[in-house]
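Text of work_2.txt (compact mmCIF, C-alpha atoms) as supplied:
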```txt
# COMPACT_ATOMS: atom_id res chain seq x y z
CA MET A 20 -33.75 -0.85 -15.70
CA ARG A 21 -30.38 -1.24 -17.38
CA ALA A 22 -27.54 -3.12 -15.74
CA TYR A 23 -24.28 -4.63 -16.92
CA GLU A 24 -23.79 -8.36 -16.55
CA LEU A 25 -20.57 -10.30 -16.69
CA ARG A 26 -21.69 -13.51 -18.39
CA GLY A 27 -18.35 -15.24 -18.85
CA HIS A 28 -14.61 -14.71 -18.49
CA GLY A 29 -13.19 -11.86 -20.55
CA LEU A 30 -14.34 -8.31 -21.27
CA GLU A 31 -16.10 -9.52 -24.41
CA ASN A 32 -18.61 -11.12 -22.02
CA LEU A 33 -19.57 -7.82 -20.38
CA ALA A 34 -23.08 -7.12 -21.66
CA LEU A 35 -25.70 -4.42 -21.09
CA ALA A 36 -28.97 -6.06 -20.04
CA GLU A 37 -32.50 -5.21 -18.97
CA ARG A 38 -33.33 -6.33 -15.45
CA PRO A 39 -36.48 -6.01 -13.32
CA GLU A 40 -36.68 -2.90 -11.16
CA PRO A 41 -35.31 -3.90 -7.72
CA ARG A 42 -37.27 -3.20 -4.52
CA PRO A 43 -35.80 -2.63 -1.05
CA GLY A 44 -36.56 -5.15 1.66
CA PRO A 45 -36.43 -4.64 5.43
CA GLY A 46 -33.45 -2.49 6.43
CA GLN A 47 -32.52 -1.78 2.82
CA LEU A 48 -32.25 1.21 0.47
CA LEU A 49 -33.09 1.54 -3.21
CA VAL A 50 -30.41 3.79 -4.70
CA ARG A 51 -30.34 5.45 -8.08
CA MET A 52 -26.66 5.06 -9.00
CA ARG A 53 -24.97 8.18 -10.33
CA ALA A 54 -21.39 6.94 -10.64
CA ALA A 55 -19.28 3.81 -10.22
CA SER A 56 -15.52 3.33 -10.19
CA LEU A 57 -13.18 0.53 -11.21
CA ASN A 58 -10.53 -1.27 -9.18
CA TYR A 59 -7.87 -3.77 -10.24
CA ARG A 60 -10.02 -6.39 -8.52
CA ASP A 61 -12.69 -5.80 -11.17
CA LEU A 62 -10.24 -6.81 -13.90
CA LEU A 63 -9.46 -10.02 -12.00
CA VAL A 64 -13.18 -10.77 -11.63
CA ALA A 65 -13.70 -10.22 -15.36
CA ARG A 66 -10.79 -12.51 -16.21
CA GLY A 67 -11.99 -15.29 -13.91
CA ARG A 68 -8.91 -14.91 -11.69
CA TYR A 69 -10.55 -13.67 -8.51
CA GLY A 70 -10.95 -15.94 -5.49
CA ARG A 71 -10.38 -19.67 -5.25
CA GLY A 72 -13.55 -20.69 -7.04
CA GLY A 73 -14.14 -17.57 -9.09
CA VAL A 74 -17.52 -15.83 -8.92
CA ARG A 75 -21.02 -16.97 -9.77
CA LEU A 76 -22.16 -15.77 -13.19
CA PRO A 77 -23.96 -13.82 -14.47
CA LEU A 78 -22.76 -11.07 -12.14
CA VAL A 79 -23.41 -7.33 -12.01
CA PRO A 80 -19.82 -6.11 -11.55
CA LEU A 81 -18.08 -3.32 -9.57
CA SER A 82 -18.01 -2.74 -5.83
CA ASP A 83 -17.73 1.04 -5.76
CA GLY A 84 -20.60 3.41 -6.42
CA ALA A 85 -22.55 6.42 -5.22
CA GLY A 86 -26.03 7.75 -5.85
CA GLU A 87 -29.30 9.03 -4.40
CA VAL A 88 -31.74 7.16 -2.17
CA VAL A 89 -35.01 6.62 -4.05
CA GLU A 90 -36.90 4.52 -1.51
CA THR A 91 -36.33 2.97 1.90
CA GLY A 92 -37.47 -0.46 3.00
CA PRO A 93 -39.34 -1.27 6.22
CA GLY A 94 -37.33 -0.37 9.31
CA ALA A 95 -34.71 1.66 7.44
CA THR A 96 -34.44 4.99 9.26
CA ARG A 97 -30.84 6.26 8.84
CA PHE A 98 -31.46 7.71 5.38
CA GLY A 99 -34.34 9.25 3.46
CA ALA A 100 -35.28 9.79 -0.16
CA GLY A 101 -32.87 12.16 -1.88
CA ASP A 102 -29.93 11.50 0.47
CA ARG A 103 -26.57 11.07 -1.25
CA VAL A 104 -24.95 7.79 -0.29
CA ALA A 105 -22.11 5.46 -1.23
CA GLY A 106 -22.13 1.73 -0.67
CA ALA A 107 -19.58 -0.02 1.53
CA PHE A 108 -17.49 -2.72 -0.16
CA PHE A 109 -18.75 -5.29 2.34
CA GLN A 110 -22.46 -4.80 2.83
CA ARG A 111 -22.55 -6.65 6.17
CA TRP A 112 -19.20 -5.73 7.75
CA VAL A 113 -20.19 -2.93 10.09
CA ASP A 114 -17.47 -3.30 12.72
CA GLY A 115 -15.18 -5.80 14.43
CA PRO A 116 -13.07 -8.43 12.65
CA LEU A 117 -13.90 -9.77 9.20
CA ASP A 118 -15.43 -13.24 9.09
CA GLU A 119 -16.86 -15.54 6.42
CA GLU A 120 -20.39 -14.20 6.72
CA LYS A 121 -19.26 -10.60 6.32
CA ALA A 122 -16.90 -11.51 3.46
CA ALA A 123 -19.83 -13.13 1.65
CA SER A 124 -21.40 -9.67 1.26
CA ALA A 125 -18.67 -8.15 -0.98
CA LEU A 126 -20.26 -6.19 -3.82
CA GLY A 127 -19.26 -7.09 -7.36
CA GLY A 128 -17.86 -10.47 -6.32
CA ALA A 129 -19.74 -12.47 -3.73
CA VAL A 130 -22.96 -10.60 -4.62
CA ASP A 131 -24.12 -8.38 -7.48
CA GLY A 132 -22.38 -5.04 -7.68
CA VAL A 133 -23.25 -1.49 -8.60
CA LEU A 134 -22.84 -1.14 -12.39
CA ALA A 135 -26.58 -0.65 -12.80
CA GLU A 136 -29.07 2.19 -12.92
CA ARG A 137 -30.64 1.17 -9.59
CA VAL A 138 -29.17 -0.93 -6.80
CA VAL A 139 -30.43 -2.19 -3.46
CA LEU A 140 -27.98 -1.60 -0.60
CA GLU A 141 -28.16 -2.60 3.04
CA GLU A 142 -28.82 0.51 5.11
CA ALA A 143 -26.05 -0.74 7.42
CA GLY A 144 -23.81 -0.94 4.34
CA ALA A 145 -24.15 2.67 3.19
CA VAL A 146 -22.50 5.95 4.18
CA ARG A 147 -23.54 9.55 3.69
CA VAL A 148 -21.51 11.36 1.01
CA PRO A 149 -19.77 14.57 2.20
CA ASP A 150 -21.27 17.71 0.67
CA HIS A 151 -18.03 18.83 -0.99
CA LEU A 152 -17.69 15.63 -3.05
CA SER A 153 -19.31 14.93 -6.41
CA PHE A 154 -20.90 11.55 -7.07
CA GLU A 155 -17.88 10.66 -9.23
CA GLU A 156 -15.49 11.49 -6.38
CA ALA A 157 -17.58 9.62 -3.82
CA ALA A 158 -17.70 6.56 -6.07
CA ALA A 159 -13.89 6.46 -6.01
CA LEU A 160 -13.72 5.81 -2.26
CA PRO A 161 -15.24 2.49 -1.07
CA CYS A 162 -12.45 0.08 -2.05
CA ALA A 163 -9.22 1.95 -2.87
CA GLY A 164 -9.78 4.81 -0.45
CA VAL A 165 -10.70 2.64 2.52
CA THR A 166 -7.85 0.23 1.74
CA ALA A 167 -5.26 3.02 1.79
CA TRP A 168 -6.75 4.61 4.92
CA VAL A 169 -6.82 1.31 6.86
CA GLY A 170 -3.27 0.45 5.78
CA LEU A 171 -1.85 3.80 6.89
CA PHE A 172 -3.94 4.64 9.94
CA ALA A 173 -5.90 1.70 11.39
CA LEU A 174 -2.96 -0.70 10.90
CA GLY A 175 0.03 1.57 10.35
CA ARG A 176 -0.70 4.23 12.97
CA LEU A 177 0.96 6.79 10.72
CA ARG A 178 2.41 9.82 12.52
CA PRO A 179 3.45 13.26 11.25
CA GLY A 180 7.03 13.35 9.98
CA GLU A 181 7.18 9.67 9.07
CA THR A 182 7.96 8.57 5.50
CA VAL A 183 5.56 6.62 3.30
CA LEU A 184 6.51 4.92 0.04
CA ALA A 185 3.58 4.84 -2.41
CA MET A 186 4.03 2.27 -5.18
CA GLY A 187 2.77 3.45 -8.55
CA THR A 188 -0.06 5.79 -9.43
CA GLY A 189 -3.19 3.64 -9.29
CA GLY A 190 -6.11 4.29 -6.97
CA VAL A 191 -4.71 2.89 -3.71
CA SER A 192 -1.30 4.51 -4.16
CA ILE A 193 -2.65 7.95 -5.02
CA PHE A 194 -4.96 7.80 -2.01
CA ALA A 195 -1.92 6.80 0.07
CA LEU A 196 -0.10 9.89 -1.22
CA GLN A 197 -3.04 12.16 -0.44
CA PHE A 198 -3.75 10.68 3.01
CA ALA A 199 -0.07 10.70 4.01
CA LYS A 200 0.29 14.37 3.09
CA MET A 201 -2.97 15.11 4.92
CA ALA A 202 -1.35 13.56 8.03
CA GLY A 203 1.87 15.56 7.74
CA ALA A 204 4.02 12.69 6.48
CA ARG A 205 6.75 12.65 3.84
CA VAL A 206 6.00 10.68 0.66
CA ILE A 207 8.21 8.91 -1.86
CA LEU A 208 6.28 8.01 -5.02
CA THR A 209 7.35 5.46 -7.62
CA SER A 210 6.27 5.10 -11.26
CA SER A 211 7.68 4.12 -14.65
CA SER A 212 6.44 7.42 -16.11
CA ASP A 213 8.14 10.78 -15.55
CA GLU A 214 4.90 12.50 -16.55
CA LYS A 215 3.00 10.67 -13.79
CA LEU A 216 5.76 11.43 -11.30
CA GLU A 217 5.47 15.11 -12.12
CA ARG A 218 1.73 14.93 -11.45
CA GLY A 219 2.55 13.21 -8.18
CA ARG A 220 4.84 16.08 -7.20
CA GLU A 221 1.98 18.48 -7.91
CA LEU A 222 -0.10 16.50 -5.39
CA GLY A 223 2.62 16.84 -2.78
CA ALA A 224 5.04 13.94 -3.29
CA ASP A 225 8.35 14.95 -1.68
CA GLU A 226 10.56 12.55 -3.66
CA THR A 227 9.97 10.44 -6.76
CA ILE A 228 11.64 7.38 -8.27
CA ASN A 229 11.28 6.18 -11.86
CA TYR A 230 11.65 2.44 -11.32
CA ARG A 231 12.25 1.79 -15.01
CA GLU A 232 15.29 4.07 -14.97
CA THR A 233 16.22 3.01 -11.43
CA PRO A 234 15.49 -0.74 -11.12
CA ASP A 235 17.03 -0.79 -7.64
CA TRP A 236 14.32 1.54 -6.36
CA ASP A 237 14.56 -0.03 -2.93
CA LEU A 238 18.17 1.13 -2.59
CA ARG A 239 17.22 4.57 -3.88
CA ALA A 240 14.45 4.79 -1.27
CA ARG A 241 17.01 4.05 1.40
CA GLU A 242 19.30 6.75 0.00
CA LEU A 243 16.45 9.24 0.14
CA THR A 244 15.98 8.44 3.84
CA GLY A 245 19.66 8.74 4.74
CA GLY A 246 20.15 4.97 4.62
CA ARG A 247 17.46 4.33 7.26
CA GLY A 248 14.58 3.13 5.07
CA VAL A 249 10.97 4.26 4.89
CA ASP A 250 8.54 3.90 7.77
CA HIS A 251 5.56 2.60 5.79
CA ILE A 252 4.89 0.88 2.47
CA LEU A 253 1.55 -0.07 0.95
CA GLU A 254 2.72 -3.10 -1.04
CA VAL A 255 0.45 -3.24 -4.11
CA GLY A 256 2.74 -5.25 -6.37
CA GLY A 257 2.52 -8.70 -4.80
CA ALA A 258 5.10 -11.48 -4.73
CA GLY A 259 7.16 -9.95 -7.55
CA THR A 260 7.92 -6.71 -5.70
CA LEU A 261 7.78 -7.83 -2.06
CA PRO A 262 11.55 -8.51 -1.65
CA ARG A 263 12.42 -4.97 -2.72
CA SER A 264 9.67 -3.51 -0.56
CA LEU A 265 11.04 -5.32 2.48
CA ARG A 266 14.52 -3.97 1.71
CA ALA A 267 13.17 -0.43 1.32
CA VAL A 268 11.41 -0.34 4.71
CA ARG A 269 13.39 0.45 7.85
CA ASP A 270 14.10 -1.97 10.68
CA GLY A 271 10.95 -2.08 12.77
CA GLY A 272 8.94 -0.35 10.04
CA HIS A 273 5.52 -1.27 8.70
CA LEU A 274 4.46 -2.97 5.47
CA THR A 275 0.86 -3.58 4.42
CA LEU A 276 0.15 -6.19 1.77
CA VAL A 277 -2.55 -4.87 -0.53
CA GLY A 278 -2.45 -6.29 -4.05
CA LEU A 279 -0.88 -8.43 -6.72
CA LEU A 280 -0.14 -6.15 -9.68
CA SER A 281 3.01 -8.15 -10.44
CA GLY A 282 0.87 -11.24 -11.05
CA GLU A 283 1.04 -13.25 -7.82
CA ARG A 284 -0.19 -12.49 -4.31
CA ALA A 285 2.51 -12.14 -1.66
CA ASP A 286 2.59 -14.62 1.22
CA LEU A 287 1.84 -12.91 4.53
CA GLU A 288 3.45 -15.57 6.69
CA GLU A 289 6.65 -15.59 4.65
CA ALA A 290 6.85 -11.80 4.67
CA ALA A 291 6.34 -11.71 8.42
CA LYS A 292 9.37 -14.00 8.95
CA ASN A 293 11.77 -11.17 8.12
CA GLU A 294 14.62 -10.76 10.59
CA ARG A 295 14.52 -6.97 10.86
CA GLY A 296 11.37 -6.58 12.93
CA VAL A 297 9.33 -5.24 10.05
CA ARG A 298 5.68 -5.47 11.03
CA VAL A 299 3.68 -6.98 8.17
CA ASP A 300 -0.10 -6.72 7.86
CA SER A 301 -2.56 -7.66 5.15
CA VAL A 302 -5.58 -5.52 4.34
CA TYR A 303 -8.83 -6.50 2.63
CA VAL A 304 -10.54 -3.10 2.36
CA GLY A 305 -12.28 -2.41 5.70
CA SER A 306 -15.52 -2.11 7.64
CA LEU A 307 -18.30 0.47 7.54
CA ARG A 308 -16.76 2.08 10.64
CA HIS A 309 -13.44 2.43 8.83
CA PHE A 310 -15.27 4.02 5.89
CA GLU A 311 -17.02 6.51 8.18
CA ASP A 312 -13.78 7.35 10.02
CA MET A 313 -12.04 7.93 6.67
CA LEU A 314 -14.87 10.20 5.51
CA ARG A 315 -14.51 12.33 8.65
CA ASP A 316 -10.83 12.84 7.84
CA ILE A 317 -11.67 13.62 4.20
CA GLU A 318 -14.35 16.11 5.19
CA ARG A 319 -12.09 17.82 7.72
CA ALA A 320 -9.29 18.19 5.15
CA ARG A 321 -11.68 18.94 2.24
CA LEU A 322 -9.74 16.28 0.35
CA ARG A 323 -10.91 15.39 -3.16
CA PRO A 324 -10.10 12.04 -4.81
CA VAL A 325 -8.06 12.15 -8.00
CA ILE A 326 -10.19 11.14 -11.00
CA ASP A 327 -8.22 10.12 -14.07
CA ARG A 328 -11.12 9.87 -16.51
CA VAL A 329 -14.91 9.59 -16.49
CA PHE A 330 -16.63 7.31 -19.01
CA ALA A 331 -20.29 7.25 -20.01
CA PHE A 332 -22.44 4.33 -18.85
CA GLU A 333 -22.50 2.99 -22.40
CA GLU A 334 -18.66 3.03 -22.44
CA ALA A 335 -18.18 0.58 -19.57
CA ARG A 336 -16.00 -1.78 -21.58
CA GLN A 337 -13.76 1.12 -22.67
CA ALA A 338 -13.40 2.06 -19.00
CA TYR A 339 -12.20 -1.47 -18.21
CA GLU A 340 -9.77 -1.33 -21.13
CA HIS A 341 -8.41 2.01 -19.97
CA LEU A 342 -7.74 0.60 -16.50
CA GLN A 343 -6.18 -2.49 -18.06
CA SER A 344 -3.81 -0.33 -20.14
CA GLY A 345 -2.17 1.10 -17.02
CA ARG A 346 -2.27 4.62 -18.44
CA HIS A 347 -4.46 5.92 -15.63
CA PHE A 348 -3.40 8.20 -12.77
CA GLY A 349 -5.85 7.84 -9.92
CA LYS A 350 -9.36 6.48 -10.39
CA VAL A 351 -11.30 5.43 -13.48
CA VAL A 352 -15.00 6.28 -13.14
CA ILE A 353 -18.19 5.44 -15.02
CA ARG A 354 -21.03 7.98 -14.88
CA VAL A 355 -24.37 6.20 -14.59
```
Starting from the file, give its structure as C-alpha cells.
Amino acid sequence: MRAYELRGHGLENLALAERPEPRPGPGQLLVRMRAASLNYRDLLVARGRYGRGGVRLPLVPLSDGAGEVVETGPGATRFGAGDRVAGAFFQRWVDGPLDEEKAASALGGAVDGVLAERVVLEEAGAVRVPDHLSFEEAAALPCAGVTAWVGLFALGRLRPGETVLAMGTGGVSIFALQFAKMAGARVILTSSSDEKLERGRELGADETINYRETPDWDLRARELTGGRGVDHILEVGGAGTLPRSLRAVRDGGHLTLVGLLSGERADLEEAAKNERGVRVDSVYVGSLRHFEDMLRDIERARLRPVIDRVFAFEEARQAYEHLQSGRHFGKVVIRV
C-alpha cells in the first residue's frame, strides 16, 4: 500500500512510499482511509519543531483522518466491516486526565499517523462518523474540532448569550465560531483579511475586527462589548498575542491556551498570574469521550465543518504548502 513518510526536517523530505499491508491485532481495526486533514501541528512536525525531542523518523504524518473499516482484529466488537469511522488524536486516551502513557499514543507524532491508504487504529481510539458528514468533513474533526469544543464547553462552560472571541480563520477558530453560534453565543472574529471576515459573517460572526487595520484589536473587542470585555477567548497565537488576549477578556472571564501561531508557546503559569481573575486553561485536544460528546452536538445541530480546499493524495506536499501560506479559511483536506 502507499503511504507518505516524513524522512527528515522540511517538506522536501515528505516522500510517497510503498509499505507492507498492515494487519489489525487484538482490539484493533484496519481502516481504508478516505480523507485526512492538516493542522498547524503537522507543519511543526515537518519542520522538526514539535515537542522537546522532535519525533522519530521516518514517520507517517497527520493525526486526523476518516475512512471505512476493512477488517477487525480479535476481540474488536464495537465496529464491523464497512462502518465509517474517524480516529481519535490520542489512540489510548479514552477518558479521565491525560497522562504520559496516553500522550504517547498521539497519531502523526508519537506514533505513525493517517496519511496512508490503510491504517490500523485502536478500536477504543475510533468514533463512528455521523451519517450527514462526508469523509472529508469527518477528517476535519479529530484535532481542531475537539480542541475548540473542549476549550469552549468542557473547560469554558460556555452559556447562551456570552461572547466568544475567535482569533483568525484557521481550523480551531472557525470551529470555535461554529460551535459558539450553535450554543447561542455572540462571536467576534478577527483576521487580517476583509474577504475572510466577510466569509466569517456569512457563518454567523456578529462582529469582526481586521487586526492589520486595527492593531489594538483588544481595545476594539472591549468597545464591542460596551467596555466589559469578552467572556471567552481561544488563544491560538501564543506568547506574541497573549497580552492583548488577556486585555480583551473581561474580569473573571475565561481564556484557553491552544497554539503558538505567533512563534512561541504562551506560558500557562504566567498567564494565570493575572490580577483580574481571568481563568486560564490549556488544552491539548481531548479524549475519546470528548470526541463522542462533540459528535453528538454536531449531529443534533447538523453542523458541517468548513473545508477550505481538498487536495488529491498525490498532492500532499501542495496541501502542506497551502496551509503554510495562511491563505486557508477553515480546514485543508487530502482525499485518499
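With only C-alpha atoms as the atoms that count, the minimum distance from Asp150 in chain A to the choices A:Leu33, A:Ala290, A:Leu57, A:Val104 is reached by A:Val104.
In this comparison, which uses all atoms listed in the file, the residue of A:Gly170, A:Gly257, A:Pro149, A:Gly70 approaching Arg315 in chain A most closely is A:Pro149.
Between CA of Gly101 in chain A and CA of Val79 in chain A there is a distance of 23.9 Å.
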From (-4.0, 5.2, -14.2), in the file's coordinates, out to 10 Å: which residues are reached, counting only C-alpha atoms? Answer as a PyMOL selection string.
chain A and resi 187-190+193+215+326-328+341-351
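Shortest atom-to-atom contact with Arg239 in chain A among A:Val268, A:Ala291, A:Leu314, A:Ala159: A:Val268, counting all atoms listed in the file.
Using all atoms listed in the file, the smallest distance between any of A:Ala158, A:Val325, A:Leu35, A:Val74 and Ser192 in chain A comes from A:Val325.
What separates CA of Gly271 in chain A from CA of Asp312 in chain A is a distance of 26.6 Å.
Nearest to Arg26 in chain A of all the residues A:Arg205, A:Arg284, A:His251, A:Arg66 is A:Arg66, counting all atoms listed in the file.
For the residues A:Ala54, A:Ala135, A:Leu208, A:Leu76, ranking by smallest atom-to-atom distance to Arg38 in chain A using only C-alpha atoms places A:Ala135 first.
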Non-local contacts of Leu171 in chain A (10 Å; all atoms listed in the file; under 5 positions in same chain excluded) as number ranges by chain:
A: 165-166, 176-178, 183, 195, 198-199, 202, 251-253, 273-275
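One finds CA of Leu265 in chain A at 20.4 Å from CA of Ala173 in chain A.
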Quick one: residues within 9 Å of Arg354 in chain A, only C-alpha atoms, excluding same-chain residues fewer than 5 positions away - as a PDB file with C-alpha atoms, in the frame of the given file?
```pdb
ATOM      1  CA  MET A  52     -26.660   5.060  -9.000  1.00  0.00           C
ATOM      2  CA  ARG A  53     -24.970   8.180 -10.330  1.00  0.00           C
ATOM      3  CA  ALA A  54     -21.390   6.940 -10.640  1.00  0.00           C
ATOM      4  CA  ALA A  55     -19.280   3.810 -10.220  1.00  0.00           C
ATOM      5  CA  SER A  56     -15.520   3.330 -10.190  1.00  0.00           C
ATOM      6  CA  PHE A 154     -20.900  11.550  -7.070  1.00  0.00           C
ATOM      7  CA  GLU A 155     -17.880  10.660  -9.230  1.00  0.00           C
ATOM      8  CA  VAL A 329     -14.910   9.590 -16.490  1.00  0.00           C
ATOM      9  CA  PHE A 330     -16.630   7.310 -19.010  1.00  0.00           C
ATOM     10  CA  ALA A 331     -20.290   7.250 -20.010  1.00  0.00           C
ATOM     11  CA  PHE A 332     -22.440   4.330 -18.850  1.00  0.00           C
TER      12      PHE A 332
END
```
Skip Pro234 in chain A itself and residues of its chain fewer than 4 positions away, then list as a ChimeraX atom specification all residues within 12 Å of it, counting only C-alpha atoms.
/A:209-211,228-230,238-240,260,263
Quick one: 4 Å padding each side, axis-aligned, all listed atoms of range 325-340 of chain A - centre and edge lengths in Å to one decimal, as AutoDock Vina command-line options?
```
--center_x -15.3 --center_y 5.2 --center_z -15.3 --size_x 22.4 --size_y 21.9 --size_z 22.7
```
